[in-house]
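Structure data follow from data_37.txt (compact mmCIF, C-alpha atoms):
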```txt
# COMPACT_ATOMS: atom_id res chain seq x y z
CA MET A 28 82.29 121.26 54.26
CA GLU A 29 84.05 117.89 54.08
CA TRP A 30 81.76 116.73 51.30
CA ALA A 31 82.34 119.97 49.39
CA THR A 32 86.08 119.33 49.68
CA GLY A 33 85.54 115.75 48.55
CA LEU A 34 83.58 116.81 45.47
CA ALA A 35 86.21 119.42 44.62
CA GLY A 36 88.91 116.76 44.97
CA LEU A 37 86.95 114.34 42.77
CA ALA A 38 86.55 116.94 40.02
CA THR A 39 90.20 118.00 40.27
CA GLY A 40 91.48 114.44 40.02
CA LEU A 41 89.22 113.64 37.05
CA LEU A 42 90.19 116.71 35.01
CA ILE A 43 93.91 116.27 35.67
CA ALA A 44 93.91 112.56 34.80
CA VAL A 45 91.99 112.98 31.53
CA VAL A 46 94.65 115.38 30.27
CA THR A 47 97.76 113.62 31.59
CA ALA A 48 97.00 109.89 31.22
CA PRO A 49 97.37 109.80 27.39
CA VAL A 50 101.09 110.66 27.75
CA GLY A 51 101.85 108.44 30.74
CA VAL A 52 101.72 111.09 33.46
CA SER A 53 99.65 110.27 36.54
CA GLY A 54 98.79 113.90 37.22
CA ALA A 55 100.16 113.94 40.76
CA VAL A 56 102.72 116.54 39.73
CA PHE A 57 99.82 118.94 39.06
CA LEU A 58 97.88 117.83 42.13
CA LEU A 59 100.77 118.73 44.45
CA PRO A 60 100.46 122.54 44.10
CA VAL A 61 96.64 122.26 44.28
CA GLN A 62 96.92 120.40 47.57
CA LEU A 63 99.28 123.00 48.98
CA SER A 64 97.50 126.11 47.73
CA VAL A 65 93.80 125.15 47.58
CA PHE A 66 93.29 122.32 50.06
CA ALA A 67 95.99 123.47 52.53
CA VAL A 68 97.35 119.97 53.17
CA PRO A 69 100.28 120.26 55.65
CA SER A 70 103.82 119.16 54.89
CA PRO A 71 105.03 116.42 54.70
CA ALA A 72 101.52 114.83 54.63
CA VAL A 73 101.06 116.30 51.15
CA THR A 74 103.52 113.73 49.76
CA PRO A 75 101.77 110.52 50.92
CA THR A 76 98.41 112.08 49.96
CA ASN A 77 99.75 112.47 46.43
CA LEU A 78 100.96 108.88 46.49
CA LEU A 79 97.52 107.75 47.72
CA TYR A 80 96.00 109.57 44.74
CA ASN A 81 98.26 107.57 42.42
CA VAL A 82 97.32 104.29 44.11
CA VAL A 83 93.58 104.90 43.65
CA ALA A 84 93.77 106.60 40.24
CA GLY A 85 96.36 104.31 38.63
CA PRO A 86 94.24 101.21 37.90
CA GLY A 87 91.92 103.17 35.58
CA ALA A 88 94.55 103.84 32.93
CA LEU A 89 96.38 100.55 33.62
CA LEU A 90 93.21 98.54 33.04
CA ARG A 91 92.80 100.15 29.65
CA HIS A 92 96.45 99.51 28.72
CA HIS A 93 96.15 95.90 29.93
CA ARG A 94 93.18 95.31 27.65
CA THR A 95 95.17 96.60 24.68
CA GLY A 96 98.20 94.45 25.58
CA THR A 97 100.62 97.36 26.07
CA LEU A 98 101.56 96.58 29.68
CA HIS A 99 103.93 93.78 28.75
CA GLY A 100 107.55 94.22 27.79
CA PRO A 101 111.05 94.85 29.15
CA LEU A 102 110.60 98.62 29.48
CA VAL A 103 107.78 98.16 32.02
CA ARG A 104 109.86 95.69 34.08
CA ARG A 105 112.99 97.85 34.07
CA MET A 106 111.13 100.97 35.13
CA VAL A 107 109.19 99.24 37.91
CA LEU A 108 112.25 97.43 39.31
CA GLY A 109 114.27 100.65 39.19
CA THR A 110 111.75 102.89 40.93
CA LEU A 111 110.67 100.58 43.79
CA PRO A 112 113.84 100.80 45.93
CA GLY A 113 114.15 104.50 45.14
CA VAL A 114 110.73 105.41 46.53
CA VAL A 115 111.49 103.83 49.93
CA LEU A 116 114.75 105.77 50.15
CA GLY A 117 112.97 108.94 49.07
CA ALA A 118 110.29 108.56 51.76
CA VAL A 119 112.91 108.23 54.50
CA ILE A 120 114.78 111.28 53.16
CA ARG A 121 111.56 113.31 53.01
CA VAL A 122 110.55 112.63 56.61
CA PHE A 123 113.93 112.97 58.29
CA ALA A 124 116.00 115.28 56.08
CA ILE A 125 114.00 117.48 53.66
CA PRO A 126 110.69 118.64 55.13
CA GLY A 127 110.29 121.66 52.83
CA PRO A 128 109.50 121.82 49.08
CA ALA A 129 111.57 124.89 48.08
CA VAL A 130 114.68 123.09 46.81
CA PHE A 131 112.60 120.50 45.00
CA LYS A 132 110.57 123.10 43.13
CA ALA A 133 113.70 124.85 41.89
CA LEU A 134 115.25 121.57 40.74
CA VAL A 135 112.10 120.39 38.96
CA ALA A 136 111.74 123.78 37.26
CA GLY A 137 115.36 123.69 36.07
CA PHE A 138 114.85 120.17 34.70
CA LEU A 139 111.37 120.24 33.16
CA LEU A 140 111.20 123.76 31.72
CA PRO A 141 114.06 123.43 29.19
CA LEU A 142 113.19 119.79 28.52
CA GLY A 143 109.57 120.66 27.70
CA LEU A 144 110.58 123.55 25.44
CA TRP A 145 113.10 121.33 23.67
CA LEU A 146 110.51 118.60 23.10
CA ILE A 147 108.03 121.13 21.67
CA ALA A 148 110.69 122.61 19.37
CA ARG A 149 111.78 119.17 18.20
CA THR A 150 108.17 118.24 17.42
CA LEU A 151 107.27 121.45 15.60
CA LEU A 152 110.59 121.75 13.73
CA PRO A 153 111.65 118.15 13.03
CA SER A 154 113.87 119.14 10.07
CA ARG A 155 116.23 121.03 12.38
CA TRP A 156 116.74 117.92 14.50
CA SER A 157 116.93 115.32 11.73
CA GLY A 158 120.73 115.25 11.83
CA ARG A 159 120.90 115.20 15.62
CA ALA A 160 119.15 111.92 16.35
CA ARG A 161 120.11 110.49 19.72
CA GLU A 162 120.68 106.88 20.53
CA ALA A 163 118.08 105.21 22.71
CA LEU A 164 119.03 104.80 26.34
CA SER A 165 120.57 101.47 27.28
CA PRO A 166 118.62 99.12 29.59
CA ARG A 167 121.05 99.91 32.41
CA ALA A 168 120.61 103.65 31.88
CA VAL A 169 116.81 103.30 31.95
CA THR A 170 117.00 101.38 35.26
CA GLY A 171 119.36 103.96 36.75
CA LEU A 172 117.12 106.81 35.65
CA ALA A 173 114.09 104.99 37.09
CA LEU A 174 115.92 104.60 40.42
CA THR A 175 116.62 108.34 40.55
CA VAL A 176 113.02 109.17 39.68
CA GLY A 177 111.85 106.73 42.36
CA VAL A 178 113.80 108.69 44.99
CA VAL A 179 112.30 111.98 43.76
CA GLY A 180 108.82 110.43 43.74
CA GLY A 181 109.30 109.17 47.29
CA ILE A 182 110.39 112.59 48.50
CA TYR A 183 107.65 114.65 46.86
CA GLY A 184 104.93 112.19 45.85
CA ILE A 185 104.89 113.05 42.15
CA GLY A 186 104.39 110.49 39.42
CA GLY A 187 107.66 109.42 37.83
CA GLY A 188 106.08 109.65 34.40
CA SER A 189 106.23 113.43 34.51
CA LEU A 190 110.03 113.18 34.69
CA LEU A 191 110.71 109.94 32.81
CA GLY A 192 108.23 110.50 29.98
CA PRO A 193 109.79 113.61 28.41
CA VAL A 194 113.29 112.10 28.67
CA LEU A 195 112.41 108.78 27.03
CA VAL A 196 110.25 110.38 24.35
CA GLY A 197 112.96 112.95 23.71
CA ARG A 198 115.41 110.09 23.16
CA GLY A 199 113.24 108.76 20.35
CA MET A 200 110.78 106.35 21.99
CA GLN A 201 107.13 106.44 20.96
CA VAL A 202 104.64 107.92 23.42
CA ALA A 203 102.48 104.80 23.05
CA GLN A 204 105.43 102.71 24.30
CA VAL A 205 106.47 105.04 27.12
CA ALA A 206 103.03 105.88 28.57
CA PRO A 207 102.05 102.39 29.87
CA ALA A 208 105.51 101.80 31.38
CA ALA A 209 105.55 105.21 33.07
CA LEU A 210 102.08 104.71 34.55
CA ALA A 211 102.92 101.17 35.73
CA SER A 212 106.07 102.35 37.52
CA THR A 213 104.18 105.28 39.05
CA PHE A 214 101.48 102.96 40.39
CA ALA A 215 103.94 100.40 41.82
CA THR A 216 106.08 103.02 43.54
CA SER A 217 103.04 104.82 44.90
CA VAL A 218 101.77 101.64 46.59
CA VAL A 219 105.16 101.07 48.23
CA GLY A 220 105.63 104.77 49.01
CA ALA A 221 102.21 105.23 50.62
CA ALA A 222 102.80 102.13 52.75
CA THR A 223 106.24 103.42 53.77
CA TYR A 224 104.84 106.80 54.87
CA THR A 225 102.07 105.08 56.83
CA LEU A 226 104.67 103.07 58.73
CA LEU A 227 106.87 106.14 59.27
CA ALA A 228 103.87 108.00 60.70
CA LEU A 229 103.79 105.48 63.56
CA ALA A 230 107.31 106.43 64.62
CA GLY A 231 107.77 110.05 63.56
CA PRO A 232 106.26 113.33 64.81
CA GLY A 233 104.17 115.75 62.77
CA SER A 234 101.77 115.31 59.86
CA ILE A 235 103.29 112.33 58.08
CA ALA A 236 100.28 110.12 57.32
CA PRO A 237 98.23 110.92 54.19
CA ASP A 238 95.01 112.91 54.23
CA TRP A 239 92.92 109.81 53.56
CA PHE A 240 89.66 111.55 52.71
CA LEU A 241 91.14 114.00 50.21
CA GLY A 242 93.51 111.43 48.72
CA LEU A 243 90.69 108.95 48.13
CA ALA A 244 88.41 111.64 46.69
CA CYS A 245 91.04 112.91 44.25
CA GLY A 246 92.03 109.35 43.43
CA ALA A 247 88.43 108.36 42.61
CA GLY A 248 88.30 111.20 40.11
CA GLY A 249 91.67 110.18 38.74
CA LEU A 250 90.48 106.57 38.39
CA ILE A 251 87.69 107.65 36.05
CA GLY A 252 89.77 110.26 34.25
CA GLY A 253 92.73 107.91 33.82
CA TYR A 254 90.60 105.30 32.08
CA LEU A 255 89.06 107.91 29.80
CA GLY A 256 92.47 109.43 29.02
CA ALA A 257 94.04 106.06 28.21
CA ARG A 258 91.05 105.23 26.00
CA LEU A 259 91.57 108.52 24.18
CA GLN A 260 95.29 107.92 23.53
CA PRO A 261 95.04 105.63 20.44
CA HIS A 262 92.89 108.23 18.69
CA LEU A 263 95.48 111.01 19.07
CA PRO A 264 98.33 111.36 16.54
CA GLU A 265 101.90 110.94 17.79
CA LYS A 266 102.70 114.59 17.06
CA ALA A 267 99.79 115.78 19.20
CA LEU A 268 100.86 113.49 22.06
CA ARG A 269 104.44 114.78 21.90
CA LEU A 270 103.22 118.37 21.93
CA LEU A 271 100.94 117.60 24.88
CA LEU A 272 103.80 116.02 26.81
CA GLY A 273 106.10 118.93 26.03
CA THR A 274 103.43 121.44 27.01
CA LEU A 275 102.75 119.67 30.31
CA ALA A 276 106.46 119.54 31.14
CA THR A 277 106.86 123.23 30.30
CA ALA A 278 103.77 124.21 32.30
CA VAL A 279 104.91 122.32 35.41
CA GLY A 280 108.43 123.74 35.08
CA ALA A 281 107.11 127.29 34.75
CA LEU A 282 104.70 126.81 37.66
CA TYR A 283 107.41 125.53 39.99
CA ALA A 284 109.85 128.20 38.81
CA SER A 285 107.38 130.96 39.73
CA GLN A 286 106.70 129.34 43.13
CA SER A 287 110.38 128.88 43.93
CA LEU A 288 111.06 132.56 43.17
CA ALA A 289 108.07 133.82 45.17
```

structure tokens encoding of this file:
Amino acid sequence: MEWATGLAGLATGLLIAVVTAPVGVSGAVFLLPVQLSVFAVPSPAVTPTNLLYNVVAGPGALLRHHRTGTLHGPLVRRMVLGTLPGVVLGAVIRVFAIPGPAVFKALVAGFLLPLGLWLIARTLLPSRWSGRAREALSPRAVTGLALTVGVVGGIYGIGGGSLLGPVLVGRGMQVAQVAPAALASTFATSVVGAATYTLLALAGPGSIAPDWFLGLACGAGGLIGGYLGARLQPHLPEKALRLLLGTLATAVGALYASQSLA
């Protein structure tokens, strides 16, 4: 039975990463409900298991971006430096203050659902938005946003790219610029976050440590899928990438909205 679970986790991680990696999303945001509903991972262990998935899956897409030279630049540094302290704070909050996912699901739904729909509308009807161009976020604003996303990622183990990506792309940045930075920050925060949860498990009661077997199995699939997805990205037009990102944001928002109302 364990090997059947491992194979299911491998396939799940691979499929999710192939779809999400081209737009800078690790896929952990989709893996979270699968862990809860299909694999029955207890809370709060589901969060560090998601972070473990990011740690194992991340290098696949990052290796591809490194080979193409897109992992260098100030956006990558600002996002990584902003999210690192946030994920430690988020892990502490998750273990000692917010054990349940209900509030989080409602907040994510309220954020991602309208943002995804707006991004789709802006992509399909660019003429309606031509006179409403927004200024790019300042470096300080990007760092502050990354810090906030780091806290959220630490609490619920989702990749920051699923939150940061639609915002930055919606503010006018190219998906090809945002995707490597979002994946790099997700990987860095996941390493720190998984280590933080492992240490907290030594001192706190309950299921705090990650489900190592499932996390590694899903991550192995994500490692392969992430590389394939990042390799696919240069062959997709910018409009298709924006629509994919908007669709993913809308789908996650709708999924979490339905779960929060259930």

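Of note, atom CA of A:Leu79 and atom CA of A:Gly181 are spaced 11.9 Å apart.
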
Problem set entry | Nearest candidate to A:Ser70 (options A:Gly180, A:Pro237, A:Gly197, A:Gly33; using only C-alpha atoms) | A:Pro237

For this session: Tell me, in Å to one decimal, how far atom CA of A:Ala173 is from atom CA of A:Val82.
Result: 18.2 Å

Problem set entry | Pairwise distance for atom CA of A:Arg198 and atom CA of A:Leu111, rounded to one decimal in Å |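 Taking atom CA of A:Arg198 and atom CA of A:Leu111, their separation equals 23.2 Å.
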
Problem set entry | Surrounding residues of A:Leu144 excluding itself and chain neighbours under 3 positions, 8 Å, all atoms listed in the file, as a list in words | Leu140, Pro141, Ile147, Ala148, Gly273, Thr274 and Thr277 of chain A

Since we have the selection now, will you write its residues out, keeping C-alpha atoms, as a PDB file, keeping the file's coordinate frame?
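As a result, again03.pdb now contains:
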```pdb
ATOM      1  CA  LEU A 140     111.200 123.760  31.720  1.00  0.00           C
ATOM      2  CA  PRO A 141     114.060 123.430  29.190  1.00  0.00           C
ATOM      3  CA  ILE A 147     108.030 121.130  21.670  1.00  0.00           C
ATOM      4  CA  ALA A 148     110.690 122.610  19.370  1.00  0.00           C
ATOM      5  CA  GLY A 273     106.100 118.930  26.030  1.00  0.00           C
ATOM      6  CA  THR A 274     103.430 121.440  27.010  1.00  0.00           C
ATOM      7  CA  THR A 277     106.860 123.230  30.300  1.00  0.00           C
TER       8      THR A 277
END
```

Exercise. Nearest to A:Ala55: which of A:Gly143, A:Gly242, A:Pro207, A:Gly137 is it, counting all atoms listed in the file?
Worked result: A:Gly242

For this session: Might you pull out every residue within 10 Å of A:Val61, with all atoms listed in the file counted and same-chain residues fewer than 6 positions away left off, and present them as a PyMOL selection string?
Result: chain A and resi 36+39+55+67-68

For this session: Point out the residue among A:Thr213, A:Leu272, A:Leu191, A:Val219 with the least atom-to-atom distance to A:Thr175, counting only C-alpha atoms.
Result: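 So, comparing all the options, the nearest one is A:Leu191.
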
Problem set entry | Non-local contacts of A:Val73 (8 Å; all atoms listed in the file; under 6 positions in same chain excluded) as a list in words | Leu59, Gln62, Leu63, Gly184, Pro237 and Asp238 of chain A

Once you have the residues from the selection above, write them out as a PDB file, in the coordinates of the input, restricted to C-alpha atoms.
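Dumped everything to again17.pdb:
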```pdb
ATOM      1  CA  LEU A  59     100.770 118.730  44.450  1.00  0.00           C
ATOM      2  CA  GLN A  62      96.920 120.400  47.570  1.00  0.00           C
ATOM      3  CA  LEU A  63      99.280 123.000  48.980  1.00  0.00           C
ATOM      4  CA  GLY A 184     104.930 112.190  45.850  1.00  0.00           C
ATOM      5  CA  PRO A 237      98.230 110.920  54.190  1.00  0.00           C
ATOM      6  CA  ASP A 238      95.010 112.910  54.230  1.00  0.00           C
TER       7      ASP A 238
END
```

Show me, as JSON lines, the residues of stretch 87-128 of chain A having an atom within 9 Å of stretch 251-257 of chain A, each with the closest atom pair and its distance in Å, using only C-alpha atoms.
```
{"residue": "A:Gly87", "atom": "CA", "partner": "A:Tyr254", "partner_atom": "CA", "distance": 4.3}
{"residue": "A:Ala88", "atom": "CA", "partner": "A:Tyr254", "partner_atom": "CA", "distance": 4.3}
{"residue": "A:Leu89", "atom": "CA", "partner": "A:Tyr254", "partner_atom": "CA", "distance": 7.6}
{"residue": "A:Leu90", "atom": "CA", "partner": "A:Tyr254", "partner_atom": "CA", "distance": 7.3}
{"residue": "A:Arg91", "atom": "CA", "partner": "A:Tyr254", "partner_atom": "CA", "distance": 6.1}
{"residue": "A:His92", "atom": "CA", "partner": "A:Ala257", "partner_atom": "CA", "distance": 7.0}
```

How would stretch 253-286 of chain A of the given structure read as a file with C-alpha atoms, as a short mmCIF file (atom, residue, chain, number, x, y, z; two decimals), in the first residue's frame?
```cif
data_model
loop_
_atom_site.label_atom_id
_atom_site.label_comp_id
_atom_site.auth_asym_id
_atom_site.auth_seq_id
_atom_site.Cartn_x
_atom_site.Cartn_y
_atom_site.Cartn_z
CA GLY A 253 9.29 21.09 -13.19
CA TYR A 254 12.19 20.59 -15.58
CA LEU A 255 9.85 19.65 -18.41
CA GLY A 256 7.56 22.61 -17.67
CA ALA A 257 10.43 25.10 -17.57
CA ARG A 258 11.76 23.66 -20.84
CA LEU A 259 8.32 24.15 -22.37
CA GLN A 260 8.03 27.81 -21.30
CA PRO A 261 10.11 29.47 -24.08
CA HIS A 262 7.94 27.77 -26.71
CA LEU A 263 4.69 29.22 -25.34
CA PRO A 264 3.54 32.72 -26.37
CA GLU A 265 3.24 35.37 -23.66
CA LYS A 266 -0.54 35.54 -24.12
CA ALA A 267 -0.90 31.80 -23.53
CA LEU A 268 1.27 32.01 -20.40
CA ARG A 269 -0.80 34.90 -19.01
CA LEU A 270 -4.02 32.99 -19.67
CA LEU A 271 -2.56 29.90 -18.00
CA LEU A 272 -1.54 31.91 -14.94
CA GLY A 273 -4.94 33.58 -14.75
CA THR A 274 -6.72 30.25 -15.14
CA LEU A 275 -4.62 28.62 -12.41
CA ALA A 276 -5.27 31.52 -10.03
CA THR A 277 -9.01 31.38 -10.76
CA ALA A 278 -9.14 27.60 -10.36
CA VAL A 279 -7.35 27.67 -7.00
CA GLY A 280 -9.54 30.54 -5.80
CA ALA A 281 -12.72 28.72 -6.82
CA LEU A 282 -11.52 25.46 -5.25
CA TYR A 283 -10.73 27.09 -1.92
CA ALA A 284 -13.95 29.12 -2.01
CA SER A 285 -16.02 25.93 -2.38
CA GLN A 286 -14.07 24.23 0.43
#
```
